[in-house]
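Read through the structure below, which is laid out as structure tokens, and then see the notes.
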Amino acid sequence: MSSLNFPNAGVFPVTRLRRLRYHPGVRRLTRETILSPDRFILPLFVCEGEGIRKPISAMPGQNQLSIDELVKDVKEIEALGIGGIMLFGVPEKKDAVGSDSMSDDGIVARAIRAVKDVVGSEFLVVADVCFCEYTDHGHCGVLKKHGPGEEDWDVDNDATLANLVKQTLVMARAGVDMVAPSGMMDGEIGAIRKGFDDNGFERLPIMGYSAKYASAFYGPFREAAESAPRFGDRRSYQMAPDAAPGQAMREIAQDIAEGADIIMVKPALAYLDIIRMAKDQFPGVPLAAYNVSGEYSMTKAAALNGWIDEKRIVLESLGSIQRAGATIIITYWAKDVANWLR
Ligand code: PBG
């Protein structure tokens, strides 16, 4: 390593960088990327019924849970020192607009109330805000026809905003601690912020899925949430993976201007550059990253085959997400990591 690039780094033999590596105590002292599960959020899928723990085959180790089972798990999650959970509702009945999510008796509202009933005041209950799990067509909002073709339907941005306000007010009334809008509608943060402020929920924070890509890494999630679009894809609302990185910065800037308290980049591992860019551009805004289903399932599959050391791969991967700049990590491994780090 040349002393030109690092004028203060010194040169061999005066400088021996291995001196930082011989003694375990020195290695420990010089660690900097330290994961803390109290800044992890564990996503959970809640379904109707009783006593249900339905394994998600594409995500080994993850289950759809009925509310009674969810409540049991959440107590364990809280005891492990994990920061919080993020709830995804999987309703029994889906329709064109996703009514279940806009009802005080819907699955996600009941789940929030049940969980808030059993957890302490330090534990964070977050709800994912979107319509794809609740609509029969699997798109993230209300559809509108825009052409003569059979599949010339697309999500109507502004009609969806009105419903997002209804959905988030249901969550707020149920006692949610934070909402996380993931639909990538223009203006959704602003609409939800205004809905909250007009209804006495001005203290409730919003974590925007600000820079969310139309990613193949969500594949396994669509089984988990039963939310695969029945036709088409999400490219008219989620960002193209090959778009200019600056577009992600515009999305984030807009969310902040509209009132987002925390911003997010999603997925994580294939977008570490975007995470770093967001951290540098918006150092004053807490930054989250979503270590998504596909990232989880790929590693799980390799681990189940005995090809890799799951624990080390996961700690290294989550460490890279944190090092890139995300201090809040949404991950299906939250429980495992909390156990490993004990
Ligand atoms: C809902 C939503 C999705 C994810 C989080 N919220 C799916 C999607 O956008 O298709 C993906 C999470 C994961 O893959 O783990 N819109």
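Chain identifiers are assigned as A, B, and so on, following the order in which chains appear in the structure tokens; residues are numbered from 1 within each chain, and ligands are numbered from 1 in order of appearance.
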
Which residues of chain A come within 8 Å of ligand 1, and for each one, what is the closest pair of atoms and their distance in Å to one decimal, counting only C-alpha atoms and all ligand atoms, sorted by chain and residue number, as a Markdown table?
```
| residue | atom | partner | partner_atom_place_in_ligand_line | distance |
| --- | --- | --- | --- | --- |
| A:Pro43 | CA | ligand 1 | 15 (O) | 7.9 |
| A:Phe88 | CA | ligand 1 | 6 (N) | 8.0 |
| A:Asp128 | CA | ligand 1 | 6 (N) | 6.5 |
| A:Val129 | CA | ligand 1 | 1 (C) | 7.4 |
| A:Cys130 | CA | ligand 1 | 16 (N) | 5.4 |
| A:Phe131 | CA | ligand 1 | 16 (N) | 7.0 |
| A:Cys132 | CA | ligand 1 | 16 (N) | 5.8 |
| A:Glu133 | CA | ligand 1 | 1 (C) | 7.2 |
| A:Cys140 | CA | ligand 1 | 16 (N) | 6.2 |
| A:Ser182 | CA | ligand 1 | 16 (N) | 5.0 |
| A:Gly183 | CA | ligand 1 | 16 (N) | 5.2 |
| A:Lys212 | CA | ligand 1 | 9 (O) | 7.9 |
| A:Ala214 | CA | ligand 1 | 9 (O) | 7.2 |
| A:Ser215 | CA | ligand 1 | 10 (O) | 7.9 |
| A:Phe217 | CA | ligand 1 | 14 (O) | 6.0 |
| A:Tyr218 | CA | ligand 1 | 14 (O) | 3.4 |
| A:Gly219 | CA | ligand 1 | 14 (O) | 6.4 |
| A:Pro220 | CA | ligand 1 | 14 (O) | 6.4 |
| A:Phe221 | CA | ligand 1 | 14 (O) | 4.5 |
| A:Arg222 | CA | ligand 1 | 7 (C) | 6.5 |
| A:Ser227 | CA | ligand 1 | 10 (O) | 7.1 |
| A:Ala228 | CA | ligand 1 | 10 (O) | 7.0 |
| A:Arg234 | CA | ligand 1 | 10 (O) | 7.3 |
| A:Gln238 | CA | ligand 1 | 9 (O) | 7.7 |
| A:Pro267 | CA | ligand 1 | 14 (O) | 7.7 |
| A:Tyr290 | CA | ligand 1 | 15 (O) | 7.3 |
| A:Asn291 | CA | ligand 1 | 15 (O) | 6.9 |
| A:Val292 | CA | ligand 1 | 15 (O) | 3.5 |
| A:Ser293 | CA | ligand 1 | 15 (O) | 3.5 |
| A:Gly294 | CA | ligand 1 | 14 (O) | 6.1 |
| A:Tyr332 | CA | ligand 1 | 15 (O) | 8.0 |
```

Backbone-only DSSP, strand (DSSP E) members of region 36-202 of chain A, as an MDAnalysis selection string: chainID A and resid 40:47 53:55 63:66 84:90 124:129 143:145 153:155 178:181

Grab the residues selected above and save them as a compact mmCIF listing (two decimals), in the first residue's frame with N, CA and C atoms.
```txt
# COMPACT_ATOMS: atom_id res chain seq x y z
N PHE A 40 -32.76 -3.63 14.86
CA PHE A 40 -33.33 -4.52 13.85
C PHE A 40 -34.85 -4.47 13.93
N ILE A 41 -35.47 -4.67 12.79
CA ILE A 41 -36.93 -4.84 12.75
C ILE A 41 -37.21 -6.17 12.05
N LEU A 42 -38.03 -6.99 12.68
CA LEU A 42 -38.36 -8.30 12.11
C LEU A 42 -39.73 -8.25 11.42
N PRO A 43 -39.79 -8.54 10.12
CA PRO A 43 -41.08 -8.57 9.42
C PRO A 43 -41.85 -9.83 9.80
N LEU A 44 -43.15 -9.69 10.00
CA LEU A 44 -44.00 -10.85 10.35
C LEU A 44 -45.28 -10.81 9.54
N PHE A 45 -45.75 -12.00 9.17
CA PHE A 45 -46.95 -12.12 8.33
C PHE A 45 -48.09 -12.67 9.18
N VAL A 46 -49.18 -11.92 9.25
CA VAL A 46 -50.27 -12.35 10.12
C VAL A 46 -51.51 -12.71 9.29
N CYS A 47 -52.07 -13.89 9.61
CA CYS A 47 -53.22 -14.39 8.85
C CYS A 47 -54.39 -14.68 9.78
N ARG A 53 -49.57 -21.74 12.28
CA ARG A 53 -48.17 -21.42 11.97
C ARG A 53 -47.90 -22.09 10.64
N LYS A 54 -48.16 -21.37 9.58
CA LYS A 54 -48.05 -21.97 8.25
C LYS A 54 -46.69 -21.63 7.66
N PRO A 55 -45.85 -22.67 7.50
CA PRO A 55 -44.51 -22.40 6.98
C PRO A 55 -44.57 -21.78 5.58
N ASN A 63 -42.89 -18.08 8.95
CA ASN A 63 -44.26 -18.61 8.93
C ASN A 63 -45.28 -17.49 8.81
N GLN A 64 -46.45 -17.86 8.26
CA GLN A 64 -47.62 -17.00 8.46
C GLN A 64 -48.19 -17.39 9.82
N LEU A 65 -48.56 -16.39 10.61
CA LEU A 65 -49.03 -16.65 11.96
C LEU A 65 -50.43 -16.10 12.16
N SER A 66 -51.29 -16.87 12.83
CA SER A 66 -52.56 -16.30 13.26
C SER A 66 -52.27 -15.42 14.47
N GLY A 84 -37.99 -4.10 17.13
CA GLY A 84 -39.42 -4.08 16.83
C GLY A 84 -39.78 -5.06 15.73
N ILE A 85 -41.06 -5.03 15.38
CA ILE A 85 -41.55 -5.89 14.31
C ILE A 85 -42.25 -5.03 13.26
N MET A 86 -42.35 -5.58 12.07
CA MET A 86 -43.14 -4.92 11.04
C MET A 86 -44.20 -5.90 10.56
N LEU A 87 -45.45 -5.49 10.67
CA LEU A 87 -46.56 -6.40 10.37
C LEU A 87 -47.04 -6.28 8.93
N PHE A 88 -47.27 -7.45 8.33
CA PHE A 88 -47.91 -7.56 7.02
C PHE A 88 -49.17 -8.37 7.21
N GLY A 89 -50.31 -7.81 6.87
CA GLY A 89 -51.56 -8.55 7.00
C GLY A 89 -51.84 -9.38 5.76
N VAL A 90 -52.27 -10.64 5.99
CA VAL A 90 -52.69 -11.49 4.87
C VAL A 90 -54.17 -11.82 5.12
N LEU A 124 -41.20 -1.59 19.55
CA LEU A 124 -41.80 -0.84 18.45
C LEU A 124 -42.64 -1.74 17.53
N VAL A 125 -43.89 -1.34 17.34
CA VAL A 125 -44.77 -2.09 16.44
C VAL A 125 -45.00 -1.23 15.19
N VAL A 126 -44.41 -1.69 14.10
CA VAL A 126 -44.48 -0.96 12.83
C VAL A 126 -45.43 -1.73 11.92
N ALA A 127 -46.14 -1.02 11.05
CA ALA A 127 -46.98 -1.70 10.06
C ALA A 127 -46.55 -1.28 8.66
N ASP A 128 -46.42 -2.27 7.79
CA ASP A 128 -46.17 -2.00 6.38
C ASP A 128 -47.47 -1.45 5.79
N VAL A 129 -47.34 -0.37 5.04
CA VAL A 129 -48.52 0.25 4.46
C VAL A 129 -48.51 0.03 2.95
N LEU A 143 -56.99 0.28 -9.17
CA LEU A 143 -56.65 0.22 -10.60
C LEU A 143 -57.53 1.16 -11.43
N LYS A 144 -56.95 1.61 -12.54
CA LYS A 144 -57.69 2.45 -13.49
C LYS A 144 -57.32 2.00 -14.90
N LYS A 145 -58.30 1.97 -15.78
CA LYS A 145 -58.03 1.55 -17.15
C LYS A 145 -57.42 2.72 -17.91
N TRP A 153 -54.45 -1.83 -17.50
CA TRP A 153 -54.85 -1.32 -16.21
C TRP A 153 -53.60 -0.93 -15.46
N ASP A 154 -53.70 0.12 -14.67
CA ASP A 154 -52.53 0.51 -13.88
C ASP A 154 -53.04 1.13 -12.57
N VAL A 155 -52.14 1.23 -11.61
CA VAL A 155 -52.53 1.80 -10.32
C VAL A 155 -52.77 3.30 -10.49
N MET A 178 -45.48 3.18 14.39
CA MET A 178 -44.88 3.82 13.20
C MET A 178 -45.47 3.12 11.98
N VAL A 179 -45.65 3.87 10.89
CA VAL A 179 -46.10 3.24 9.65
C VAL A 179 -44.99 3.32 8.61
N ALA A 180 -45.00 2.35 7.70
CA ALA A 180 -43.96 2.27 6.69
C ALA A 180 -44.60 2.07 5.31
N PRO A 181 -44.88 3.18 4.62
CA PRO A 181 -45.51 3.09 3.30
C PRO A 181 -44.55 2.52 2.25
```

field: Spatial neighbours of Phe201 (chain A), max dist 12 Å, only C-alpha atoms, sep filter under 3 positions, as a PyMOL selection string
entry: chain A and resi 168-179+192-198+204-206

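Nearest residue to Gln167 (chain A) among A:Val119, A:Ala114, A:Ile189, A:Val108 is A:Val108, counting only C-alpha atoms.
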
query: For Glu150 (chain A), which residue out of A:Glu310, A:Leu304, A:Ala270, A:Gly232 is the nearest one, using only C-alpha atoms?
result: A:Gly232

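Between Gly51 (chain A) and the residues A:Lys279, A:Lys266, A:Arg312, A:Lys72, the shortest atom-to-atom distance, using only C-alpha atoms, involves A:Lys72.
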
message: Ranking A:Pro60, A:Gly147, A:Pro241, A:Gly208 by minimum distance to Met298 (chain A) and counting only C-alpha atoms, which one comes first?
response: A:Pro60

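CA of Ala96 (chain A) is positioned 15.0 Å from CA of Glu151 (chain A).
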
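Take CA of Asp158 (chain A) and CA of Arg250 (chain A): the distance between them is 19.6 Å.
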
message: I need the alpha helix (DSSP H) residues of region 161-330 of chain A per DSSP on the backbone, written as an NGL selection string.
response: :A and (161-174 or 188-198 or 219-224 or 245-258 or 272-281 or 293-304 or 310-324)

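We find CA of Met102 (chain A) and CA of Glu202 (chain A) to be spaced 19.8 Å apart.
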
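Counting only C-alpha atoms, the residue from A:Gln281, A:Ile56, A:Leu161, A:Tyr213 that sits nearest to Asp242 (chain A) is A:Tyr213.
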
Nearby residues (only C-alpha atoms) at most 12 Å from region 30-38 of chain A, same-chain spacing under 4 positions excluded, as a PDB file with C-alpha atoms, in the first residue's frame:
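Saved file selection.pdb follows:
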```
ATOM      1  CA  ARG A  19       0.052  -5.745  14.869  1.00  0.00           C
ATOM      2  CA  LEU A  20      -3.645  -4.842  14.998  1.00  0.00           C
ATOM      3  CA  ARG A  21      -4.569  -8.473  14.393  1.00  0.00           C
ATOM      4  CA  TYR A  22      -2.442 -10.682  16.651  1.00  0.00           C
ATOM      5  CA  HIS A  23      -4.109 -10.124  20.010  1.00  0.00           C
ATOM      6  CA  PRO A  24      -7.856 -10.854  20.234  1.00  0.00           C
ATOM      7  CA  GLY A  25      -8.185  -7.943  22.635  1.00  0.00           C
ATOM      8  CA  VAL A  26      -6.709  -5.557  20.087  1.00  0.00           C
ATOM      9  CA  LEU A  42     -38.363  -8.305  12.107  1.00  0.00           C
ATOM     10  CA  ILE A  77     -38.894 -11.346  20.063  1.00  0.00           C
ATOM     11  CA  GLU A  78     -39.170  -8.587  22.645  1.00  0.00           C
ATOM     12  CA  ALA A  79     -37.311 -10.690  25.223  1.00  0.00           C
ATOM     13  CA  LEU A  80     -34.454 -11.123  22.738  1.00  0.00           C
ATOM     14  CA  GLY A  81     -33.917  -7.363  22.697  1.00  0.00           C
ATOM     15  CA  ILE A  82     -34.966  -6.846  19.081  1.00  0.00           C
ATOM     16  CA  GLY A  83     -36.049  -3.295  18.301  1.00  0.00           C
ATOM     17  CA  GLY A  84     -39.417  -4.083  16.832  1.00  0.00           C
ATOM     18  CA  ILE A  85     -41.553  -5.888  14.306  1.00  0.00           C
ATOM     19  CA  GLU A 122     -40.081   0.333  24.546  1.00  0.00           C
ATOM     20  CA  PHE A 123     -40.937  -2.219  21.865  1.00  0.00           C
ATOM     21  CA  LEU A 124     -41.796  -0.843  18.445  1.00  0.00           C
ATOM     22  CA  VAL A 314     -25.370 -13.395   7.721  1.00  0.00           C
ATOM     23  CA  LEU A 315     -23.234 -11.413  10.145  1.00  0.00           C
ATOM     24  CA  GLU A 316     -20.931 -10.395   7.304  1.00  0.00           C
ATOM     25  CA  SER A 317     -23.856  -9.408   5.055  1.00  0.00           C
ATOM     26  CA  LEU A 318     -25.715  -7.415   7.693  1.00  0.00           C
ATOM     27  CA  GLY A 319     -22.421  -5.805   8.679  1.00  0.00           C
ATOM     28  CA  SER A 320     -21.920  -4.650   5.101  1.00  0.00           C
ATOM     29  CA  ILE A 321     -25.386  -3.083   5.080  1.00  0.00           C
ATOM     30  CA  GLN A 322     -24.579  -1.197   8.260  1.00  0.00           C
ATOM     31  CA  ARG A 323     -21.131  -0.187   7.019  1.00  0.00           C
ATOM     32  CA  ALA A 324     -22.719   1.145   3.827  1.00  0.00           C
ATOM     33  CA  GLY A 325     -24.662   3.526   6.037  1.00  0.00           C
ATOM     34  CA  ALA A 326     -27.921   1.967   7.201  1.00  0.00           C
ATOM     35  CA  THR A 327     -28.235   2.027  10.963  1.00  0.00           C
ATOM     36  CA  ILE A 328     -31.692   0.419  10.969  1.00  0.00           C
ATOM     37  CA  ILE A 329     -31.947  -3.015   9.369  1.00  0.00           C
ATOM     38  CA  ILE A 330     -35.171  -4.798   8.537  1.00  0.00           C
ATOM     39  CA  THR A 331     -34.307  -8.476   8.429  1.00  0.00           C
ATOM     40  CA  TYR A 332     -35.853 -11.926   8.698  1.00  0.00           C
ATOM     41  CA  TRP A 333     -32.726 -12.966  10.609  1.00  0.00           C
ATOM     42  CA  ALA A 334     -33.360 -10.644  13.557  1.00  0.00           C
ATOM     43  CA  LYS A 335     -34.055 -13.492  16.000  1.00  0.00           C
ATOM     44  CA  ASP A 336     -31.123 -15.626  14.856  1.00  0.00           C
ATOM     45  CA  VAL A 337     -28.702 -12.729  15.083  1.00  0.00           C
ATOM     46  CA  ALA A 338     -29.966 -11.737  18.513  1.00  0.00           C
ATOM     47  CA  ASN A 339     -29.342 -15.317  19.652  1.00  0.00           C
ATOM     48  CA  TRP A 340     -25.931 -15.536  18.005  1.00  0.00           C
ATOM     49  CA  LEU A 341     -24.752 -12.282  19.551  1.00  0.00           C
ATOM     50  CA  ARG A 342     -25.830 -13.205  23.070  1.00  0.00           C
TER      51      ARG A 342
END
```
